[in-house]
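Next comes entry.csv, with CSV, C-alpha atoms and all ligand atoms.
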chain,number,residue,atom,x,y,z
W,1,MET,CA,0.0,0.0,0.0
W,2,ASP,CA,1.4,3.4,-0.9
W,3,LEU,CA,-0.6,6.6,-0.3
W,4,ASN,CA,2.2,9.1,-0.9
W,5,ASN,CA,0.9,10.1,-4.4
W,6,LEU,CA,-2.8,10.3,-3.4
W,7,GLU,CA,-2.9,14.1,-3.3
W,8,LYS,CA,-0.9,14.4,-6.5
W,9,VAL,CA,-3.1,12.1,-8.4
W,10,LEU,CA,-6.2,13.9,-7.3
W,11,ALA,CA,-4.8,17.4,-7.6
W,12,SER,CA,-6.7,18.2,-10.8
W,13,GLU,CA,-10.0,16.8,-9.4
W,14,PRO,CA,-12.5,18.8,-7.3
W,15,LYS,CA,-11.5,18.9,-3.6
W,16,TYR,CA,-14.2,16.5,-2.4
W,17,ARG,CA,-12.6,13.7,-4.4
W,18,LEU,CA,-9.7,13.6,-2.0
W,19,LYS,CA,-12.2,13.2,0.9
W,20,GLN,CA,-14.0,10.5,-0.9
W,21,ALA,CA,-10.8,8.7,-1.6
W,22,ARG,CA,-9.7,8.9,2.1
W,23,GLU,CA,-13.0,7.6,3.2
W,24,ALA,CA,-12.8,4.7,0.8
W,25,ILE,CA,-9.4,3.8,2.3
W,26,PHE,CA,-10.0,4.5,6.0
W,27,LYS,CA,-13.7,4.0,6.4
W,28,SER,CA,-15.0,1.6,3.8
W,29,PHE,CA,-11.6,-0.3,3.8
W,30,ILE,CA,-11.6,-1.0,0.0
W,31,SER,CA,-8.7,-3.1,-1.1
W,32,ASN,CA,-8.7,-2.2,-4.7
W,33,TRP,CA,-9.7,1.1,-6.4
W,34,ASP,CA,-12.1,-0.8,-8.7
W,35,GLU,CA,-14.4,-0.9,-5.7
W,36,ALA,CA,-14.6,3.0,-5.7
W,37,THR,CA,-17.3,3.1,-8.4
W,38,PHE,CA,-18.0,6.8,-7.7
W,39,PHE,CA,-14.7,7.5,-9.6
W,40,SER,CA,-14.3,7.3,-13.3
W,41,LYS,CA,-12.7,4.2,-14.8
W,42,ASP,CA,-9.7,6.2,-15.8
W,43,LEU,CA,-9.2,7.6,-12.4
W,44,ARG,CA,-9.5,4.2,-10.8
W,45,GLU,CA,-6.9,2.8,-13.1
W,46,LYS,CA,-4.6,5.7,-12.3
W,47,LEU,CA,-5.1,5.3,-8.6
W,48,ASN,CA,-4.5,1.5,-8.8
W,49,ALA,CA,-1.2,2.2,-10.6
W,50,GLU,CA,0.0,5.1,-8.4
W,51,CYS,CA,-1.6,4.5,-5.0
W,52,PRO,CA,-1.9,0.8,-4.7
W,53,LEU,CA,-4.0,-0.5,-1.8
W,54,LYS,CA,-2.7,-4.0,-1.7
W,55,ILE,CA,-1.0,-4.8,1.6
W,56,ASN,CA,1.9,-7.2,1.2
W,57,ALA,CA,1.3,-9.5,4.1
W,58,GLU,CA,1.9,-13.1,5.1
W,59,VAL,CA,-0.9,-14.2,7.5
W,60,LEU,CA,-0.8,-17.0,10.1
W,61,VAL,CA,-3.8,-18.2,12.1
W,62,SER,CA,-3.4,-19.8,15.6
W,63,LYS,CA,-4.6,-23.3,16.3
W,64,GLU,CA,-7.6,-22.0,18.3
W,65,GLU,CA,-8.3,-19.5,15.6
W,66,ASP,CA,-8.6,-16.7,18.2
W,67,SER,CA,-5.5,-14.9,16.9
W,68,VAL,CA,-4.1,-14.0,13.5
W,69,LYS,CA,-0.6,-12.7,12.9
W,70,ALA,CA,0.4,-10.7,9.9
W,71,LYS,CA,3.9,-10.2,8.8
W,72,ILE,CA,3.8,-7.1,6.6
W,73,THR,CA,6.5,-6.2,4.1
W,74,LEU,CA,7.0,-2.5,3.8
W,75,LYS,CA,8.0,-0.5,0.7
W,76,ASP,CA,11.7,-0.6,1.6
W,77,ASP,CA,11.5,-4.4,2.2
W,78,LEU,CA,11.7,-4.1,6.0
W,79,GLN,CA,9.1,-6.2,7.8
W,80,ILE,CA,6.8,-5.7,10.8
W,81,GLU,CA,4.3,-7.8,12.7
W,82,SER,CA,0.8,-7.1,13.9
W,83,VAL,CA,-1.7,-9.4,15.6
W,84,LEU,CA,-5.5,-9.6,15.7
W,85,MET,CA,-6.9,-11.0,18.9
W,86,ARG,CA,-10.5,-12.2,18.7
W,87,HIS,CA,-12.0,-12.1,22.2
W,88,LYS,CA,-14.9,-14.3,23.3
W,89,ASP,CA,-17.0,-11.2,24.2
W,90,GLY,CA,-16.9,-10.0,20.6
W,91,ARG,CA,-14.1,-7.5,20.8
W,92,ASN,CA,-11.5,-7.6,18.1
W,93,THR,CA,-8.2,-6.1,19.2
W,94,VAL,CA,-5.3,-5.3,16.9
W,95,CYS,CA,-1.9,-5.0,18.4
W,96,VAL,CA,0.2,-2.8,16.2
W,97,SER,CA,3.9,-2.0,15.8
W,98,CYS,CA,5.1,1.5,15.7
W,99,GLN,CA,8.8,1.0,14.8
W,100,VAL,CA,10.8,-1.6,12.9
W,101,GLY,CA,12.7,-3.2,15.8
W,102,CYS,CA,13.3,-1.2,19.0
W,103,PRO,CA,16.3,0.7,20.3
W,104,LEU,CA,15.6,0.0,23.9
W,105,GLY,CA,16.9,-3.6,24.0
W,106,CYS,CA,15.0,-5.0,27.0
W,107,LEU,CA,16.6,-8.4,27.7
W,108,PHE,CA,13.3,-10.4,27.7
W,109,CYS,CA,11.9,-9.0,24.4
W,110,ALA,CA,12.4,-10.4,20.9
W,111,THR,CA,11.9,-7.0,19.3
W,112,GLY,CA,14.6,-5.6,21.5
W,113,LYS,CA,17.0,-8.2,20.3
W,114,MET,CA,16.7,-7.3,16.7
W,115,GLY,CA,17.9,-3.7,17.3
W,116,PHE,CA,16.4,-0.6,15.7
W,117,LYS,CA,15.8,-0.1,12.0
W,118,ARG,CA,13.4,2.9,11.7
W,119,ASN,CA,10.2,4.6,12.8
W,120,LEU,CA,7.0,3.8,11.0
W,121,THR,CA,5.0,6.5,9.3
W,122,THR,CA,1.4,7.2,10.3
W,123,ASP,CA,0.2,5.4,7.2
W,124,GLU,CA,2.3,2.4,8.0
W,125,ILE,CA,0.8,2.2,11.5
W,126,LEU,CA,-2.8,2.6,10.1
W,127,GLU,CA,-2.1,0.0,7.3
W,128,GLN,CA,-1.9,-2.7,10.0
W,129,VAL,CA,-5.3,-1.9,11.3
W,130,ILE,CA,-6.7,-1.6,7.7
W,131,LEU,CA,-5.5,-5.1,6.9
W,132,PHE,CA,-7.6,-6.5,9.8
W,133,GLU,CA,-10.5,-4.2,9.1
W,134,ARG,CA,-10.8,-5.9,5.8
W,135,LEU,CA,-11.4,-9.2,7.7
W,136,CYS,CA,-13.6,-8.1,10.6
W,137,LYS,CA,-14.7,-5.0,12.5
W,138,VAL,CA,-11.8,-3.9,14.7
W,139,THR,CA,-13.0,-2.6,18.1
W,140,ASN,CA,-9.7,-2.0,20.0
W,141,VAL,CA,-6.2,-1.0,19.1
W,142,THR,CA,-3.1,-1.4,21.3
W,143,PHE,CA,0.3,0.0,20.6
W,144,MET,CA,2.0,-3.1,22.1
W,145,GLY,CA,3.7,-4.6,19.1
W,146,MET,CA,7.2,-3.9,17.9
W,147,GLY,CA,8.8,-0.7,19.1
W,148,GLU,CA,8.5,2.1,21.6
W,149,PRO,CA,5.5,4.4,20.9
W,150,PHE,CA,6.9,7.4,22.7
W,151,LEU,CA,10.1,7.3,20.6
W,152,ASN,CA,7.8,7.9,17.5
W,153,TYR,CA,5.3,10.1,19.4
W,154,ASP,CA,4.1,12.4,16.5
W,155,ASN,CA,3.3,9.6,14.1
W,156,VAL,CA,1.7,7.5,16.8
W,157,LEU,CA,-0.5,10.3,18.0
W,158,LYS,CA,-1.5,11.2,14.4
W,159,ALA,CA,-2.5,7.6,13.9
W,160,VAL,CA,-4.5,7.6,17.2
W,161,LYS,CA,-6.4,10.6,16.1
W,162,ILE,CA,-7.4,9.1,12.7
W,163,LEU,CA,-8.3,5.8,14.5
W,164,ASN,CA,-10.6,7.8,16.8
W,165,ASP,CA,-12.0,10.1,14.1
W,166,LYS,CA,-15.7,9.4,13.5
W,167,ASP,CA,-15.3,10.0,9.7
W,168,PHE,CA,-12.7,7.3,9.6
W,169,PHE,CA,-12.1,4.2,11.8
W,170,ASN,CA,-14.4,5.5,14.6
W,171,ILE,CA,-12.6,3.5,17.4
W,172,GLY,CA,-13.4,5.0,20.8
W,173,ALA,CA,-10.5,6.7,22.6
W,174,ARG,CA,-11.0,4.4,25.6
W,175,SER,CA,-10.5,1.4,23.3
W,176,ILE,CA,-7.1,2.6,22.3
W,177,SER,CA,-4.0,1.8,24.5
W,178,ILE,CA,-0.4,2.9,24.4
W,179,SER,CA,2.3,1.0,26.3
W,180,THR,CA,5.6,2.6,27.1
W,181,ALA,CA,8.8,1.4,28.7
W,182,GLY,CA,8.7,4.7,30.6
W,183,ILE,CA,9.8,7.5,28.3
W,184,ILE,CA,9.0,10.4,30.6
W,185,GLU,CA,8.9,13.1,27.9
W,186,GLY,CA,6.2,11.0,26.1
W,187,ILE,CA,4.0,10.8,29.2
W,188,GLU,CA,4.4,14.6,29.7
W,189,LYS,CA,3.5,15.3,26.1
W,190,LEU,CA,0.5,13.1,26.4
W,191,ILE,CA,-0.7,15.0,29.5
W,192,LYS,CA,-0.2,18.3,27.8
W,193,GLU,CA,-2.0,17.2,24.7
W,194,GLY,CA,-4.9,15.7,26.6
W,195,MET,CA,-5.4,19.0,28.4
W,196,SER,CA,-5.2,21.1,25.2
W,197,ARG,CA,-8.4,22.5,23.7
W,198,GLU,CA,-7.2,22.1,20.2
W,199,ALA,CA,-9.5,20.2,17.9
W,200,GLY,CA,-8.6,16.5,17.9
W,201,SER,CA,-6.4,16.7,21.1
W,202,ARG,CA,-9.0,15.5,23.6
W,203,VAL,CA,-8.4,11.9,22.5
W,204,ALA,CA,-4.9,12.1,24.0
W,205,GLY,CA,-6.3,12.5,27.5
W,206,GLN,CA,-8.8,9.6,27.1
W,207,ILE,CA,-6.7,6.7,25.7
W,208,ASN,CA,-5.4,4.1,28.0
W,209,LEU,CA,-1.8,4.3,29.2
W,210,ALA,CA,0.2,1.3,30.2
W,211,ILE,CA,3.7,1.2,31.6
W,212,SER,CA,6.1,-1.7,31.2
W,213,LEU,CA,7.3,-2.1,34.8
W,214,HIS,CA,8.7,-5.7,35.1
W,215,ALA,CA,10.7,-5.0,38.3
W,216,PRO,CA,9.9,-3.3,41.6
W,217,ASN,CA,13.3,-1.6,42.1
W,218,ASP,CA,15.9,0.3,40.1
W,219,LYS,CA,18.6,-2.3,40.4
W,220,LEU,CA,16.7,-5.1,38.9
W,221,ARG,CA,14.8,-2.9,36.4
W,222,SER,CA,18.0,-1.5,35.1
W,223,GLN,CA,19.3,-5.0,34.5
W,224,LEU,CA,16.2,-6.0,32.5
W,225,MET,CA,15.4,-2.7,30.9
W,226,PRO,CA,18.5,-0.5,30.2
W,227,ILE,CA,16.3,2.5,29.7
W,228,ASN,CA,15.7,2.6,33.4
W,229,LYS,CA,19.1,4.1,33.9
W,230,LYS,CA,18.0,7.1,32.0
W,231,TYR,CA,14.4,7.2,33.4
W,232,PRO,CA,14.6,5.7,36.9
W,233,LEU,CA,11.5,4.2,38.5
W,234,ALA,CA,10.7,7.0,40.9
W,235,GLU,CA,10.7,9.6,38.1
W,236,VAL,CA,8.5,7.4,35.9
W,237,LEU,CA,6.0,7.0,38.7
W,238,LYS,CA,6.1,10.7,39.4
W,239,ALA,CA,5.1,11.4,35.8
W,240,VAL,CA,2.4,8.7,36.0
W,241,ASP,CA,1.0,10.4,39.2
W,242,ASP,CA,0.9,13.7,37.4
W,243,TYR,CA,-0.9,12.0,34.4
W,244,ILE,CA,-3.5,10.5,36.8
W,245,LYS,CA,-4.0,13.8,38.6
W,246,LYS,CA,-4.7,15.6,35.4
W,247,THR,CA,-6.6,13.0,33.4
W,248,LYS,CA,-8.3,11.0,36.2
W,249,ARG,CA,-7.6,7.9,34.1
W,250,LYS,CA,-6.3,4.6,35.5
W,251,VAL,CA,-2.9,3.4,34.5
W,252,MET,CA,-1.9,-0.2,33.8
W,253,PHE,CA,1.5,-1.5,34.9
W,254,GLU,CA,2.7,-4.5,33.0
W,255,TYR,CA,4.8,-7.1,34.9
W,256,VAL,CA,6.2,-10.1,33.0
W,257,LEU,CA,6.9,-12.9,35.4
W,258,ILE,CA,10.3,-14.4,34.7
W,259,ASP,CA,11.5,-17.5,36.6
W,260,GLY,CA,14.0,-16.8,39.3
W,261,VAL,CA,14.5,-13.2,38.1
W,262,ASN,CA,11.5,-11.1,39.3
W,263,ASP,CA,9.0,-13.6,40.6
W,264,SER,CA,10.1,-14.0,44.2
W,265,GLU,CA,7.9,-13.3,47.2
W,266,LYS,CA,10.2,-10.5,48.1
W,267,CYS,CA,9.6,-8.9,44.6
W,268,ALA,CA,5.9,-9.3,45.1
W,269,LYS,CA,6.0,-7.5,48.4
W,270,GLU,CA,8.2,-4.8,47.0
W,271,LEU,CA,5.9,-4.5,44.0
W,272,ALA,CA,2.9,-4.1,46.3
W,273,GLY,CA,4.7,-1.4,48.2
W,274,ILE,CA,5.0,0.8,45.1
W,275,MET,CA,1.6,-0.1,43.4
W,276,ARG,CA,-0.7,0.7,46.3
W,277,LYS,CA,-2.2,3.8,44.8
W,278,LYS,CA,-5.5,4.9,43.5
W,279,LEU,CA,-6.0,4.2,39.8
W,280,TYR,CA,-2.9,2.0,39.6
W,281,PHE,CA,-3.6,-1.5,38.1
W,282,VAL,CA,-1.1,-4.3,37.7
W,283,ASN,CA,-1.3,-6.5,34.7
W,284,LEU,CA,0.6,-9.8,35.3
W,285,ILE,CA,1.9,-11.4,32.1
W,286,LEU,CA,3.5,-14.9,31.8
W,287,TYR,CA,6.9,-14.7,30.1
W,288,ASN,CA,6.7,-15.8,26.5
W,289,PRO,CA,9.9,-17.6,25.4
W,290,THR,CA,12.3,-15.5,23.5
W,291,GLY,CA,15.4,-17.5,24.1
W,292,THR,CA,16.9,-15.9,27.2
W,293,PHE,CA,14.8,-16.7,30.3
W,294,ARG,CA,12.3,-19.3,31.6
W,295,GLN,CA,8.7,-18.8,32.4
W,296,SER,CA,7.8,-18.8,36.1
W,297,SER,CA,6.2,-22.0,37.4
W,298,THR,CA,2.5,-22.1,38.0
W,299,LYS,CA,3.2,-22.6,41.7
W,300,GLN,CA,5.3,-19.4,41.8
W,301,VAL,CA,2.8,-17.4,39.8
W,302,GLU,CA,0.1,-18.4,42.3
W,303,LYS,CA,2.3,-17.5,45.3
W,304,PHE,CA,3.0,-14.1,43.6
W,305,LYS,CA,-0.7,-13.5,43.1
W,306,LYS,CA,-1.6,-14.5,46.7
W,307,ILE,CA,0.8,-11.8,48.0
W,308,LEU,CA,-0.7,-9.1,45.7
W,309,GLU,CA,-4.2,-10.2,46.9
W,310,LYS,CA,-3.2,-10.1,50.5
W,311,GLU,CA,-1.7,-6.6,50.0
W,312,LYS,CA,-4.9,-5.5,48.3
W,313,ILE,CA,-3.3,-4.6,45.0
W,314,ASN,CA,-5.6,-4.3,41.9
W,315,PHE,CA,-4.3,-6.8,39.4
W,316,VAL,CA,-5.3,-9.1,36.6
W,317,GLN,CA,-3.4,-11.8,34.8
W,318,ARG,CA,-3.4,-11.2,31.0
W,319,TYR,CA,-4.9,-13.9,28.8
W,320,ARG,CA,-2.3,-15.2,26.4
W,321,PHE,CA,-3.1,-15.2,22.7
W,322,GLY,CA,-1.2,-16.8,19.9
W,323,ASP,CA,1.9,-18.2,21.5
W,324,ASP,CA,1.9,-21.1,19.0
W,325,ILE,CA,2.3,-18.7,16.1
W,326,GLN,CA,4.9,-16.5,18.0
W,327,ALA,CA,2.3,-13.8,18.2
W,328,ALA,CA,2.3,-13.4,22.0
W,329,CYS,CA,3.6,-10.3,23.9
W,330,GLY,CA,7.3,-9.8,23.4
W,331,GLN,CA,7.6,-12.3,20.6
W,332,PHE,CA,7.4,-9.9,17.7
W,333,ALA,CA,10.5,-10.0,15.5
W,334,THR,CA,11.4,-10.1,11.9
W,335,ASN,CA,14.8,-10.6,10.3
W,336,LYS,CA,14.4,-7.9,7.7
M,1,LIG,N1,7.9,-0.7,23.9
M,1,LIG,C1,6.6,-0.7,24.5
M,1,LIG,C2,5.5,-1.3,23.7
M,1,LIG,C3,5.7,-2.7,23.4
M,1,LIG,S1,4.6,-3.5,24.4
M,1,LIG,C4,6.7,-1.3,25.9
M,1,LIG,O1,7.7,-2.0,26.2
M,1,LIG,O2,5.8,-1.1,26.7
M,1,LIG,C5,5.1,-5.1,24.5
M,1,LIG,C6,4.7,-5.6,25.9
M,1,LIG,O3,5.1,-7.0,25.9
M,1,LIG,C7,5.4,-4.9,27.0
M,1,LIG,O4,4.7,-4.8,28.2
M,1,LIG,C8,6.6,-5.7,27.1
M,1,LIG,O5,7.3,-5.5,28.3
M,1,LIG,C9,6.0,-7.1,27.0
M,1,LIG,N2,7.0,-8.2,26.7
M,1,LIG,C10,8.2,-8.0,26.1
M,1,LIG,N3,8.8,-9.2,26.1
M,1,LIG,C11,7.9,-10.1,26.6
M,1,LIG,C12,8.0,-11.5,26.8
M,1,LIG,N4,9.1,-12.2,26.4
M,1,LIG,N5,7.0,-12.2,27.3
M,1,LIG,C13,5.9,-11.4,27.7
M,1,LIG,N6,5.8,-10.1,27.6
M,1,LIG,C14,6.8,-9.5,27.0
M,2,LIG,FE1,11.3,-2.2,23.1
M,2,LIG,FE2,9.1,-2.6,24.6
M,2,LIG,FE3,10.6,-4.6,23.6
M,2,LIG,FE4,11.6,-3.1,25.6
M,2,LIG,S1,9.7,-4.4,25.7
M,2,LIG,S2,12.7,-3.8,23.7
M,2,LIG,S3,10.8,-1.1,25.0
M,2,LIG,S4,9.4,-3.2,22.4
So, in terms of structure tokens, how does the structure I just supplied come out?
Amino acid sequence: MDLNNLEKVLASEPKYRLKQAREAIFKSFISNWDEATFFSKDLREKLNAECPLKINAEVLVSKEEDSVKAKITLKDDLQIESVLMRHKDGRNTVCVSCQVGCPLGCLFCATGKMGFKRNLTTDEILEQVILFERLCKVTNVTFMGMGEPFLNYDNVLKAVKILNDKDFFNIGARSISISTAGIIEGIEKLIKEGMSREAGSRVAGQINLAISLHAPNDKLRSQLMPINKKYPLAEVLKAVDDYIKKTKRKVMFEYVLIDGVNDSEKCAKELAGIMRKKLYFVNLILYNPTGTFRQSSTKQVEKFKKILEKEKINFVQRYRFGDDIQAACGQFATNK
């Protein structure tokens, strides 16, 4: 798919043609300009040649058919992955990538291991949702695929606004989530934007924010997530508290349980100590194999949860989708 020439091709047409074209792409989700019968045959042919809508993707369906992974090849031959999760309650969530690779190199994450290639454009982010919209109605979008959203803030927020726009995808702000490894400037920008009265900015203050925590203290967190040396825990939490104060939104803290690394009773107690705050929620995630660590035993996971319960911490354990097709959290990686 390549929309770079869209305005150029339609430049000699009346203005409303561009709006029609954008609606055909981002609202009706056509996959070929031949479906845009409101355009002349000549124009459709020209659009097919200069603004192709075909998405170059390899698609894998999980055994239980509740998740679908797409490996998309971009114009410069680099590849990204996105996943559709079909929930039993009817929600269809797409987990999108925002970068090819990731520069932050968290030890447990397959994307981190591949290094950083480049940021995705807004269209490349939206293309991932369009691919699945062509299969079913997408109800939720999470920025939890490859890459760090707040290192590609502008393109990510532009995509969020188009996803939310009633004239386009029409996905509710509260059904859109961004997860960050704790880039403080990004949290601050999101707060500022959410407070702004500018048209289209309100969505920033209403989306869901998730923080990849994974350790209850700086020593361990810096070992697992090198970015913690630049943005230590206390400062990240301070930014989160400010976000909560200003937006009144709850914040999710993701904690991947890794055998013998961060799953001890001591870690659980320490975690409870920093998470006992209003509007803080912990999301426990089982470690998905990426070659370095082992998953915590069921017994240890239960012990960990017992402590959080006793300490009255709000938490849920995330349902795991698609681990048989390497489509679970942290398993997104491509070799191009
Ligand atoms: N860069 C952002 C967005 C990616 S989200 C961030 O880190 O928040 C991907 C989520 O999956 C994050 O919570 C990440 O910490 C988690 N994750 C990474 N590797 C994982 C693994 N091996 N098993 C389970 N979850 C993992
Ligand atoms: Fe990047 Fe997030 Fe993976 Fe860390 S967990 S390497 S920040 S994608």
Which residues sit within 8 Å of ligand LIG 2 (chain M), counting only C-alpha atoms and all ligand atoms, listed as a list in words?
Gly101, Cys102, Pro103, Leu104, Gly105, Cys106, Leu107, Phe108, Cys109, Ala110, Thr111, Gly112, Lys113, Met144, Gly145, Met146, Gly147, Glu148, Ser179, Thr180, Ala181, Ser212, Met225 and Gly330 of chain W
Please provide the set of residues having any atom within 7 Å of stretch 334-336 of chain W, restricted to only C-alpha atoms, with same-chain residues fewer than 3 positions apart removed, written as a ChimeraX atom specification.
/W:78-80
Could you give me, as a PyMOL selection string, the residues within 10 Å of stretch 56-62 of chain W, counting all atoms listed in the file and dropping anything in the same chain fewer than 2 positions from it?
chain W and resi 1+53-54+64-75+79-84+128+131+321-327
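In this model, the gap between atom CA of W:Gly186 and atom CA of W:Phe150 comes to 5.0 Å.
Minimum distance to ligand LIG 1 (chain M) across W:Lys219, W:Lys299, W:Lys248, W:His214 (counting only C-alpha atoms and all ligand atoms) occurs at W:His214.
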Given the choices W:Leu10, W:Leu284, W:Ile274, W:Leu279, which gets closest to ligand LIG 1 (chain M) if the distance is worked out from all atoms listed in the file?
W:Leu284
Using only C-alpha atoms and all ligand atoms, which of the listed residues (W:Val301, W:Arg221, W:Ser196, W:Gly182) sits closest to ligand LIG 1 (chain M)?
W:Gly182
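Among the candidate residues W:Thr142, W:Asn4, W:Ser297, W:Asn208, the one lying nearest to ligand LIG 1 (chain M) is W:Thr142, with distances computed using only C-alpha atoms and all ligand atoms.
The list of residues with at least one atom within 7 Å of W:Met252, based on only C-alpha atoms and without residues fewer than 6 positions apart in the same chain, reads Leu209, Ala210, Ile211, Tyr280, Phe281, Val282 and Asn283 of chain W.
Separating atom CA of W:Gly90 from atom CA of W:Val160 is a distance of 21.8 Å.
Distance-wise, atom CA of W:Ser296 and atom O4 of ligand LIG 1 (chain M) end up 16.4 Å apart.
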For W:Ala272, which residue out of W:Lys238, W:Lys63, W:Lys310, W:Lys303 is the nearest one, using only C-alpha atoms?
W:Lys310
Please rebuild stretch 25-45 of chain W with N, CA and C atoms and give the result as a compact mmCIF listing (two decimals), in the frame of the given file.
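The file below, result-v3.txt, is the result:
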# COMPACT_ATOMS: atom_id res chain seq x y z
N ILE W 25 -10.57 4.53 1.74
CA ILE W 25 -9.40 3.80 2.30
C ILE W 25 -9.65 3.52 3.80
N PHE W 26 -9.98 4.60 4.54
CA PHE W 26 -10.00 4.50 6.00
C PHE W 26 -11.33 4.31 6.65
N LYS W 27 -12.38 4.21 5.83
CA LYS W 27 -13.70 4.00 6.40
C LYS W 27 -14.39 2.79 5.78
N SER W 28 -14.34 2.73 4.46
CA SER W 28 -15.00 1.60 3.80
C SER W 28 -13.94 0.44 3.61
N PHE W 29 -12.66 0.74 3.80
CA PHE W 29 -11.60 -0.30 3.80
C PHE W 29 -11.56 -1.04 2.45
N ILE W 30 -11.70 -0.33 1.33
CA ILE W 30 -11.60 -1.00 0.00
C ILE W 30 -10.17 -1.52 -0.14
N SER W 31 -10.01 -2.63 -0.89
CA SER W 31 -8.70 -3.10 -1.10
C SER W 31 -8.20 -2.97 -2.52
N ASN W 32 -9.07 -2.40 -3.35
CA ASN W 32 -8.70 -2.20 -4.70
C ASN W 32 -9.58 -0.96 -5.20
N TRP W 33 -8.96 -0.07 -5.97
CA TRP W 33 -9.70 1.10 -6.40
C TRP W 33 -10.90 0.81 -7.27
N ASP W 34 -10.91 -0.40 -7.86
CA ASP W 34 -12.10 -0.80 -8.70
C ASP W 34 -13.36 -0.74 -7.89
N GLU W 35 -13.23 -0.89 -6.54
CA GLU W 35 -14.40 -0.90 -5.70
C GLU W 35 -14.98 0.57 -5.54
N ALA W 36 -14.16 1.56 -5.87
CA ALA W 36 -14.60 3.00 -5.70
C ALA W 36 -15.34 3.39 -6.98
N THR W 37 -16.55 2.88 -7.11
CA THR W 37 -17.30 3.10 -8.40
C THR W 37 -17.73 4.51 -8.60
N PHE W 38 -17.61 5.34 -7.54
CA PHE W 38 -18.00 6.80 -7.70
C PHE W 38 -16.87 7.51 -8.47
N PHE W 39 -15.72 6.87 -8.75
CA PHE W 39 -14.70 7.50 -9.60
C PHE W 39 -14.77 6.94 -10.99
N SER W 40 -14.31 7.73 -11.94
CA SER W 40 -14.30 7.30 -13.30
C SER W 40 -13.34 6.09 -13.48
N LYS W 41 -13.54 5.33 -14.53
CA LYS W 41 -12.70 4.20 -14.80
C LYS W 41 -11.23 4.58 -14.91
N ASP W 42 -11.04 5.67 -15.63
CA ASP W 42 -9.70 6.20 -15.80
C ASP W 42 -8.98 6.51 -14.53
N LEU W 43 -9.75 7.20 -13.67
CA LEU W 43 -9.20 7.60 -12.40
C LEU W 43 -8.87 6.38 -11.51
N ARG W 44 -9.78 5.42 -11.54
CA ARG W 44 -9.50 4.20 -10.80
C ARG W 44 -8.27 3.48 -11.22
N GLU W 45 -8.08 3.46 -12.52
CA GLU W 45 -6.90 2.80 -13.10
C GLU W 45 -5.61 3.55 -12.64
